[in-house]
Structures are given as structure tokens and as C-alpha cells.
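Structure file data_38.pdb with PDB, C-alpha atoms, pLDDT in the B column:
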```
ATOM      1  CA  MET A   1     -40.316 -40.681 -48.992  1.00 52.00           C
ATOM      2  CA  ILE A   2     -40.554 -44.484 -49.159  1.00 58.00           C
ATOM      3  CA  GLN A   3     -43.045 -44.206 -52.037  1.00 64.00           C
ATOM      4  CA  ASN A   4     -40.628 -42.054 -54.046  1.00 74.00           C
ATOM      5  CA  PHE A   5     -37.846 -44.542 -53.365  1.00 66.00           C
ATOM      6  CA  LEU A   6     -39.984 -47.453 -54.586  1.00 69.00           C
ATOM      7  CA  GLN A   7     -41.060 -45.567 -57.713  1.00 72.00           C
ATOM      8  CA  SER A   8     -37.462 -44.596 -58.406  1.00 72.00           C
ATOM      9  CA  SER A   9     -36.301 -48.169 -57.877  1.00 75.00           C
ATOM     10  CA  ASP A  10     -39.011 -49.529 -60.202  1.00 77.00           C
ATOM     11  CA  TYR A  11     -38.129 -46.950 -62.861  1.00 80.00           C
ATOM     12  CA  GLU A  12     -34.410 -47.727 -62.670  1.00 84.00           C
ATOM     13  CA  SER A  13     -35.075 -51.457 -62.833  1.00 82.00           C
ATOM     14  CA  GLY A  14     -37.400 -51.080 -65.840  1.00 83.00           C
ATOM     15  CA  TYR A  15     -35.002 -48.744 -67.606  1.00 87.00           C
ATOM     16  CA  ALA A  16     -32.106 -51.146 -67.142  1.00 88.00           C
ATOM     17  CA  LYS A  17     -34.258 -54.035 -68.437  1.00 88.00           C
ATOM     18  CA  ALA A  18     -35.255 -52.019 -71.524  1.00 88.00           C
ATOM     19  CA  LEU A  19     -31.662 -51.162 -72.371  1.00 90.00           C
ATOM     20  CA  LEU A  20     -30.608 -54.769 -71.853  1.00 91.00           C
ATOM     21  CA  ASP A  21     -33.405 -55.966 -74.167  1.00 90.00           C
ATOM     22  CA  VAL A  22     -32.281 -53.588 -76.926  1.00 91.00           C
ATOM     23  CA  LYS A  23     -28.625 -54.587 -76.485  1.00 93.00           C
ATOM     24  CA  ASN A  24     -29.517 -58.291 -76.570  1.00 93.00           C
ATOM     25  CA  TRP A  25     -31.725 -57.783 -79.648  1.00 90.00           C
ATOM     26  CA  PHE A  26     -28.808 -56.203 -81.531  1.00 92.00           C
ATOM     27  CA  GLU A  27     -26.466 -58.999 -80.428  1.00 93.00           C
ATOM     28  CA  ARG A  28     -28.904 -61.755 -81.476  1.00 90.00           C
ATOM     29  CA  HIS A  29     -29.570 -60.152 -84.856  1.00 88.00           C
ATOM     30  CA  SER A  30     -26.114 -58.779 -85.662  1.00 90.00           C
ATOM     31  CA  THR A  31     -25.440 -61.302 -88.448  1.00 90.00           C
ATOM     32  CA  ALA A  32     -28.738 -60.520 -90.173  1.00 85.00           C
ATOM     33  CA  LEU A  33     -28.151 -56.795 -89.755  1.00 87.00           C
ATOM     34  CA  LYS A  34     -24.695 -57.122 -91.335  1.00 89.00           C
ATOM     35  CA  LEU A  35     -26.077 -59.114 -94.273  1.00 84.00           C
ATOM     36  CA  CYS A  36     -28.828 -56.533 -94.790  1.00 80.00           C
ATOM     37  CA  ARG A  37     -26.320 -53.691 -94.410  1.00 83.00           C
ATOM     38  CA  MET A  38     -28.289 -52.154 -91.579  1.00 84.00           C
ATOM     39  CA  TYR A  39     -25.287 -50.879 -89.590  1.00 85.00           C
ATOM     40  CA  ASN A  40     -25.271 -47.251 -90.634  1.00 87.00           C
ATOM     41  CA  GLN A  41     -26.596 -44.134 -88.949  1.00 90.00           C
ATOM     42  CA  LYS A  42     -29.809 -43.895 -90.946  1.00 87.00           C
ATOM     43  CA  ASN A  43     -30.832 -47.542 -90.541  1.00 87.00           C
ATOM     44  CA  ILE A  44     -29.920 -47.757 -86.850  1.00 90.00           C
ATOM     45  CA  GLY A  45     -32.013 -44.623 -86.349  1.00 90.00           C
ATOM     46  CA  MET A  46     -34.926 -46.291 -88.161  1.00 88.00           C
ATOM     47  CA  LEU A  47     -34.568 -49.403 -85.974  1.00 89.00           C
ATOM     48  CA  LEU A  48     -34.427 -47.462 -82.716  1.00 91.00           C
ATOM     49  CA  SER A  49     -37.358 -45.300 -83.775  1.00 90.00           C
ATOM     50  CA  GLU A  50     -39.449 -48.387 -84.532  1.00 87.00           C
ATOM     51  CA  ILE A  51     -38.461 -49.968 -81.216  1.00 88.00           C
ATOM     52  CA  SER A  52     -39.565 -46.847 -79.345  1.00 89.00           C
ATOM     53  CA  LYS A  53     -42.855 -46.620 -81.291  1.00 88.00           C
ATOM     54  CA  ASN A  54     -43.610 -50.257 -80.449  1.00 84.00           C
ATOM     55  CA  ALA A  55     -42.338 -50.236 -76.884  1.00 86.00           C
ATOM     56  CA  ASP A  56     -45.318 -52.314 -75.730  1.00 85.00           C
ATOM     57  CA  ALA A  57     -44.444 -55.183 -78.088  1.00 84.00           C
ATOM     58  CA  PHE A  58     -40.773 -54.916 -77.165  1.00 83.00           C
ATOM     59  CA  GLN A  59     -41.684 -54.937 -73.473  1.00 84.00           C
ATOM     60  CA  LYS A  60     -43.778 -58.081 -73.948  1.00 85.00           C
ATOM     61  CA  PHE A  61     -41.404 -60.058 -76.213  1.00 84.00           C
ATOM     62  CA  GLY A  62     -38.042 -58.512 -75.264  1.00 84.00           C
ATOM     63  CA  ASP A  63     -35.179 -59.497 -77.539  1.00 82.00           C
ATOM     64  CA  ASP A  64     -37.473 -62.007 -79.307  1.00 85.00           C
ATOM     65  CA  THR A  65     -39.365 -59.140 -80.952  1.00 84.00           C
ATOM     66  CA  GLU A  66     -39.514 -59.554 -84.713  1.00 84.00           C
ATOM     67  CA  ILE A  67     -38.558 -56.492 -86.738  1.00 82.00           C
ATOM     68  CA  PHE A  68     -38.966 -56.580 -90.515  1.00 81.00           C
ATOM     69  CA  PHE A  69     -37.450 -54.510 -93.314  1.00 78.00           C
ATOM     70  CA  GLU A  70     -38.910 -53.469 -96.663  1.00 79.00           C
ATOM     71  CA  TYR A  71     -36.518 -52.842 -99.520  1.00 75.00           C
ATOM     72  CA  GLU A  72     -36.630 -50.805-102.674  1.00 76.00           C
ATOM     73  CA  LYS A  73     -33.662 -51.119-105.025  1.00 75.00           C
ATOM     74  CA  LYS A  74     -31.329 -52.545-102.353  1.00 71.00           C
ATOM     75  CA  LYS A  75     -32.208 -49.761 -99.888  1.00 71.00           C
ATOM     76  CA  VAL A  76     -34.234 -50.231 -96.743  1.00 71.00           C
ATOM     77  CA  THR A  77     -37.295 -48.036 -97.040  1.00 70.00           C
ATOM     78  CA  LYS A  78     -39.347 -49.203 -94.092  1.00 73.00           C
ATOM     79  CA  VAL A  79     -38.783 -50.937 -90.779  1.00 74.00           C
ATOM     80  CA  TYR A  80     -41.754 -52.340 -88.878  1.00 74.00           C
ATOM     81  CA  VAL A  81     -42.701 -54.596 -85.974  1.00 80.00           C
ATOM     82  CA  LYS A  82     -45.426 -57.167 -86.455  1.00 71.00           C
ATOM     83  CA  LYS A  83     -48.426 -56.535 -84.249  1.00 62.00           C
ATOM     84  CA  GLU A  84     -48.498 -58.716 -81.150  1.00 54.00           C
ATOM     85  CA  THR A  85     -51.371 -60.839 -82.514  1.00 51.00           C
ATOM     86  CA  GLU A  86     -49.173 -61.775 -85.491  1.00 49.00           C
ATOM     87  CA  GLN A  87     -46.095 -62.784 -83.458  1.00 47.00           C
TER      88      GLN A  87
END
```

Encoded form using C-alpha cells:
Amino acid sequence: MIQNFLQSSDYESGYAKALLDVKNWFERHSTALKLCRMYNQKNIGMLLSEISKNADAFQKFGDDTEIFFEYEKKKVTKVYVKKETEQ
């Protein structure tokens, strides 16, 4: 019973931290996202997908995680996180 409580508490704490990191990342990078026209459904989906694929880097660096965009004819074609050795 106590073990389940501790696991649940750890999970809830980690989950809240993860959501806060994502929220803070968007707040810190909102100007750049506006300039790059990244605030639409497709691009936000690409960002969130990349964050979830690289959860380990996001966990380590939090809202300081660097996310890069590749463009082709003014459209974002790829979003990627630098590997942790490159950051």
C-alpha cells in the first residue's frame, strides 16, 4: 500500500514536471515560434511529437532543450532535437 502510494506520488510529480517543462519551453520560445510561423496545428503536432520522441533529452535539459527546424520553400519540413552530446 505504501509502495503504491510512493510510486503514484513519484509519477504525479514527474508528470507535473514534464508538463511544466513543455509549457515553459513554449513560453521561452514563443517569439521565435511566431517569427517562424510555427503556431498552427501541423507544426505544433510536429513539435510535440519530437519532444515525445526525445523525452530523455527534454528530461535532462528541460526548457533549455534546443529544437531546430528545417525549411523547404518557406514551409517547415522537419523538426529535430540535437543529440545530448551536441547540446

To verify the selection step, state as a PyMOL selection string which residues the PyMOL selection byres ((chain A and resi 18) around 12) yields on this input. chain A and resi 11-17+19-25+51-52+55-63

Generate the output file for the selected residues, C-alpha atoms, as a PDB file, keeping the file's coordinate frame.
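selection29.pdb, written as the output of this step:
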```pdb
ATOM      1  CA  TYR A  11     -38.129 -46.950 -62.861  1.00 80.00           C
ATOM      2  CA  GLU A  12     -34.410 -47.727 -62.670  1.00 84.00           C
ATOM      3  CA  SER A  13     -35.075 -51.457 -62.833  1.00 82.00           C
ATOM      4  CA  GLY A  14     -37.400 -51.080 -65.840  1.00 83.00           C
ATOM      5  CA  TYR A  15     -35.002 -48.744 -67.606  1.00 87.00           C
ATOM      6  CA  ALA A  16     -32.106 -51.146 -67.142  1.00 88.00           C
ATOM      7  CA  LYS A  17     -34.258 -54.035 -68.437  1.00 88.00           C
ATOM      8  CA  LEU A  19     -31.662 -51.162 -72.371  1.00 90.00           C
ATOM      9  CA  LEU A  20     -30.608 -54.769 -71.853  1.00 91.00           C
ATOM     10  CA  ASP A  21     -33.405 -55.966 -74.167  1.00 90.00           C
ATOM     11  CA  VAL A  22     -32.281 -53.588 -76.926  1.00 91.00           C
ATOM     12  CA  LYS A  23     -28.625 -54.587 -76.485  1.00 93.00           C
ATOM     13  CA  ASN A  24     -29.517 -58.291 -76.570  1.00 93.00           C
ATOM     14  CA  TRP A  25     -31.725 -57.783 -79.648  1.00 90.00           C
ATOM     15  CA  ILE A  51     -38.461 -49.968 -81.216  1.00 88.00           C
ATOM     16  CA  SER A  52     -39.565 -46.847 -79.345  1.00 89.00           C
ATOM     17  CA  ALA A  55     -42.338 -50.236 -76.884  1.00 86.00           C
ATOM     18  CA  ASP A  56     -45.318 -52.314 -75.730  1.00 85.00           C
ATOM     19  CA  ALA A  57     -44.444 -55.183 -78.088  1.00 84.00           C
ATOM     20  CA  PHE A  58     -40.773 -54.916 -77.165  1.00 83.00           C
ATOM     21  CA  GLN A  59     -41.684 -54.937 -73.473  1.00 84.00           C
ATOM     22  CA  LYS A  60     -43.778 -58.081 -73.948  1.00 85.00           C
ATOM     23  CA  PHE A  61     -41.404 -60.058 -76.213  1.00 84.00           C
ATOM     24  CA  GLY A  62     -38.042 -58.512 -75.264  1.00 84.00           C
ATOM     25  CA  ASP A  63     -35.179 -59.497 -77.539  1.00 82.00           C
TER      26      ASP A  63
END
```

Counting all atoms listed in the file, what is within 9 Å of region 67-73 of chain A, bar same-chain residues fewer than 2 positions away, as an MDAnalysis selection string? chainID A and resid 36 47 50:51 65 75:82

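Between CA of Asn54 (chain A) and CA of Glu66 (chain A) the separation is 11.0 Å.
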
Because the input lacks atoms here, generate N, CA and C atoms for region 50-76 of chain A and report them as a PDB file, in the coordinates of the input.
```pdb
ATOM      1  N   GLU A  50     -38.395 -47.363 -84.501  1.00 87.00           N
ATOM      2  CA  GLU A  50     -39.449 -48.387 -84.532  1.00 87.00           C
ATOM      3  C   GLU A  50     -39.563 -49.097 -83.185  1.00 87.00           C
ATOM      4  N   ILE A  51     -38.434 -49.348 -82.540  1.00 88.00           N
ATOM      5  CA  ILE A  51     -38.461 -49.968 -81.216  1.00 88.00           C
ATOM      6  C   ILE A  51     -39.189 -49.054 -80.229  1.00 88.00           C
ATOM      7  N   SER A  52     -38.914 -47.761 -80.282  1.00 89.00           N
ATOM      8  CA  SER A  52     -39.565 -46.847 -79.345  1.00 89.00           C
ATOM      9  C   SER A  52     -41.050 -46.685 -79.652  1.00 89.00           C
ATOM     10  N   LYS A  53     -41.428 -46.713 -80.939  1.00 88.00           N
ATOM     11  CA  LYS A  53     -42.855 -46.620 -81.291  1.00 88.00           C
ATOM     12  C   LYS A  53     -43.620 -47.853 -80.834  1.00 88.00           C
ATOM     13  N   ASN A  54     -42.971 -48.993 -80.826  1.00 84.00           N
ATOM     14  CA  ASN A  54     -43.610 -50.257 -80.449  1.00 84.00           C
ATOM     15  C   ASN A  54     -43.053 -50.776 -79.130  1.00 84.00           C
ATOM     16  N   ALA A  55     -42.911 -49.875 -78.181  1.00 86.00           N
ATOM     17  CA  ALA A  55     -42.338 -50.236 -76.884  1.00 86.00           C
ATOM     18  C   ALA A  55     -43.164 -51.313 -76.179  1.00 86.00           C
ATOM     19  N   ASP A  56     -44.472 -51.301 -76.386  1.00 85.00           N
ATOM     20  CA  ASP A  56     -45.318 -52.314 -75.730  1.00 85.00           C
ATOM     21  C   ASP A  56     -44.995 -53.715 -76.233  1.00 85.00           C
ATOM     22  N   ALA A  57     -44.801 -53.870 -77.536  1.00 84.00           N
ATOM     23  CA  ALA A  57     -44.444 -55.183 -78.088  1.00 84.00           C
ATOM     24  C   ALA A  57     -43.049 -55.577 -77.628  1.00 84.00           C
ATOM     25  N   PHE A  58     -42.128 -54.613 -77.596  1.00 83.00           N
ATOM     26  CA  PHE A  58     -40.773 -54.916 -77.165  1.00 83.00           C
ATOM     27  C   PHE A  58     -40.747 -55.278 -75.682  1.00 83.00           C
ATOM     28  N   GLN A  59     -41.602 -54.626 -74.900  1.00 84.00           N
ATOM     29  CA  GLN A  59     -41.684 -54.937 -73.473  1.00 84.00           C
ATOM     30  C   GLN A  59     -42.203 -56.354 -73.266  1.00 84.00           C
ATOM     31  N   LYS A  60     -43.172 -56.754 -74.090  1.00 85.00           N
ATOM     32  CA  LYS A  60     -43.778 -58.081 -73.948  1.00 85.00           C
ATOM     33  C   LYS A  60     -42.844 -59.195 -74.439  1.00 85.00           C
ATOM     34  N   PHE A  61     -42.203 -58.999 -75.591  1.00 84.00           N
ATOM     35  CA  PHE A  61     -41.404 -60.058 -76.213  1.00 84.00           C
ATOM     36  C   PHE A  61     -39.895 -59.894 -75.995  1.00 84.00           C
ATOM     37  N   GLY A  62     -39.461 -58.743 -75.519  1.00 84.00           N
ATOM     38  CA  GLY A  62     -38.042 -58.512 -75.264  1.00 84.00           C
ATOM     39  C   GLY A  62     -37.200 -58.668 -76.511  1.00 84.00           C
ATOM     40  N   ASP A  63     -36.076 -59.363 -76.388  1.00 82.00           N
ATOM     41  CA  ASP A  63     -35.179 -59.497 -77.539  1.00 82.00           C
ATOM     42  C   ASP A  63     -35.676 -60.524 -78.555  1.00 82.00           C
ATOM     43  N   ASP A  64     -36.840 -61.118 -78.319  1.00 85.00           N
ATOM     44  CA  ASP A  64     -37.473 -62.007 -79.307  1.00 85.00           C
ATOM     45  C   ASP A  64     -38.405 -61.254 -80.249  1.00 85.00           C
ATOM     46  N   THR A  65     -38.504 -59.958 -80.096  1.00 84.00           N
ATOM     47  CA  THR A  65     -39.365 -59.140 -80.952  1.00 84.00           C
ATOM     48  C   THR A  65     -38.899 -59.239 -82.400  1.00 84.00           C
ATOM     49  N   GLU A  66     -39.844 -59.445 -83.294  1.00 84.00           N
ATOM     50  CA  GLU A  66     -39.514 -59.554 -84.713  1.00 84.00           C
ATOM     51  C   GLU A  66     -39.641 -58.189 -85.379  1.00 84.00           C
ATOM     52  N   ILE A  67     -38.571 -57.756 -86.004  1.00 82.00           N
ATOM     53  CA  ILE A  67     -38.558 -56.492 -86.738  1.00 82.00           C
ATOM     54  C   ILE A  67     -38.267 -56.830 -88.196  1.00 82.00           C
ATOM     55  N   PHE A  68     -39.071 -56.276 -89.089  1.00 81.00           N
ATOM     56  CA  PHE A  68     -38.966 -56.580 -90.515  1.00 81.00           C
ATOM     57  C   PHE A  68     -38.551 -55.342 -91.293  1.00 81.00           C
ATOM     58  N   PHE A  69     -37.930 -55.581 -92.451  1.00 78.00           N
ATOM     59  CA  PHE A  69     -37.450 -54.510 -93.314  1.00 78.00           C
ATOM     60  C   PHE A  69     -38.117 -54.635 -94.676  1.00 78.00           C
ATOM     61  N   GLU A  70     -38.441 -53.498 -95.278  1.00 79.00           N
ATOM     62  CA  GLU A  70     -38.910 -53.469 -96.663  1.00 79.00           C
ATOM     63  C   GLU A  70     -37.833 -52.783 -97.484  1.00 79.00           C
ATOM     64  N   TYR A  71     -37.573 -53.347 -98.644  1.00 75.00           N
ATOM     65  CA  TYR A  71     -36.518 -52.842 -99.520  1.00 75.00           C
ATOM     66  C   TYR A  71     -37.093 -52.266-100.797  1.00 75.00           C
ATOM     67  N   GLU A  72     -36.354 -51.314-101.343  1.00 76.00           N
ATOM     68  CA  GLU A  72     -36.630 -50.805-102.674  1.00 76.00           C
ATOM     69  C   GLU A  72     -35.281 -50.507-103.312  1.00 76.00           C
ATOM     70  N   LYS A  73     -34.943 -51.266-104.326  1.00 75.00           N
ATOM     71  CA  LYS A  73     -33.662 -51.119-105.025  1.00 75.00           C
ATOM     72  C   LYS A  73     -32.476 -51.195-104.058  1.00 75.00           C
ATOM     73  N   LYS A  74     -32.414 -52.254-103.283  1.00 71.00           N
ATOM     74  CA  LYS A  74     -31.329 -52.545-102.353  1.00 71.00           C
ATOM     75  C   LYS A  74     -31.218 -51.558-101.195  1.00 71.00           C
ATOM     76  N   LYS A  75     -32.207 -50.688-101.014  1.00 71.00           N
ATOM     77  CA  LYS A  75     -32.208 -49.761 -99.888  1.00 71.00           C
ATOM     78  C   LYS A  75     -33.389 -50.080 -98.990  1.00 71.00           C
ATOM     79  N   VAL A  76     -33.156 -50.017 -97.696  1.00 71.00           N
ATOM     80  CA  VAL A  76     -34.234 -50.231 -96.743  1.00 71.00           C
ATOM     81  C   VAL A  76     -35.104 -48.985 -96.737  1.00 71.00           C
TER      82      VAL A  76
END
```
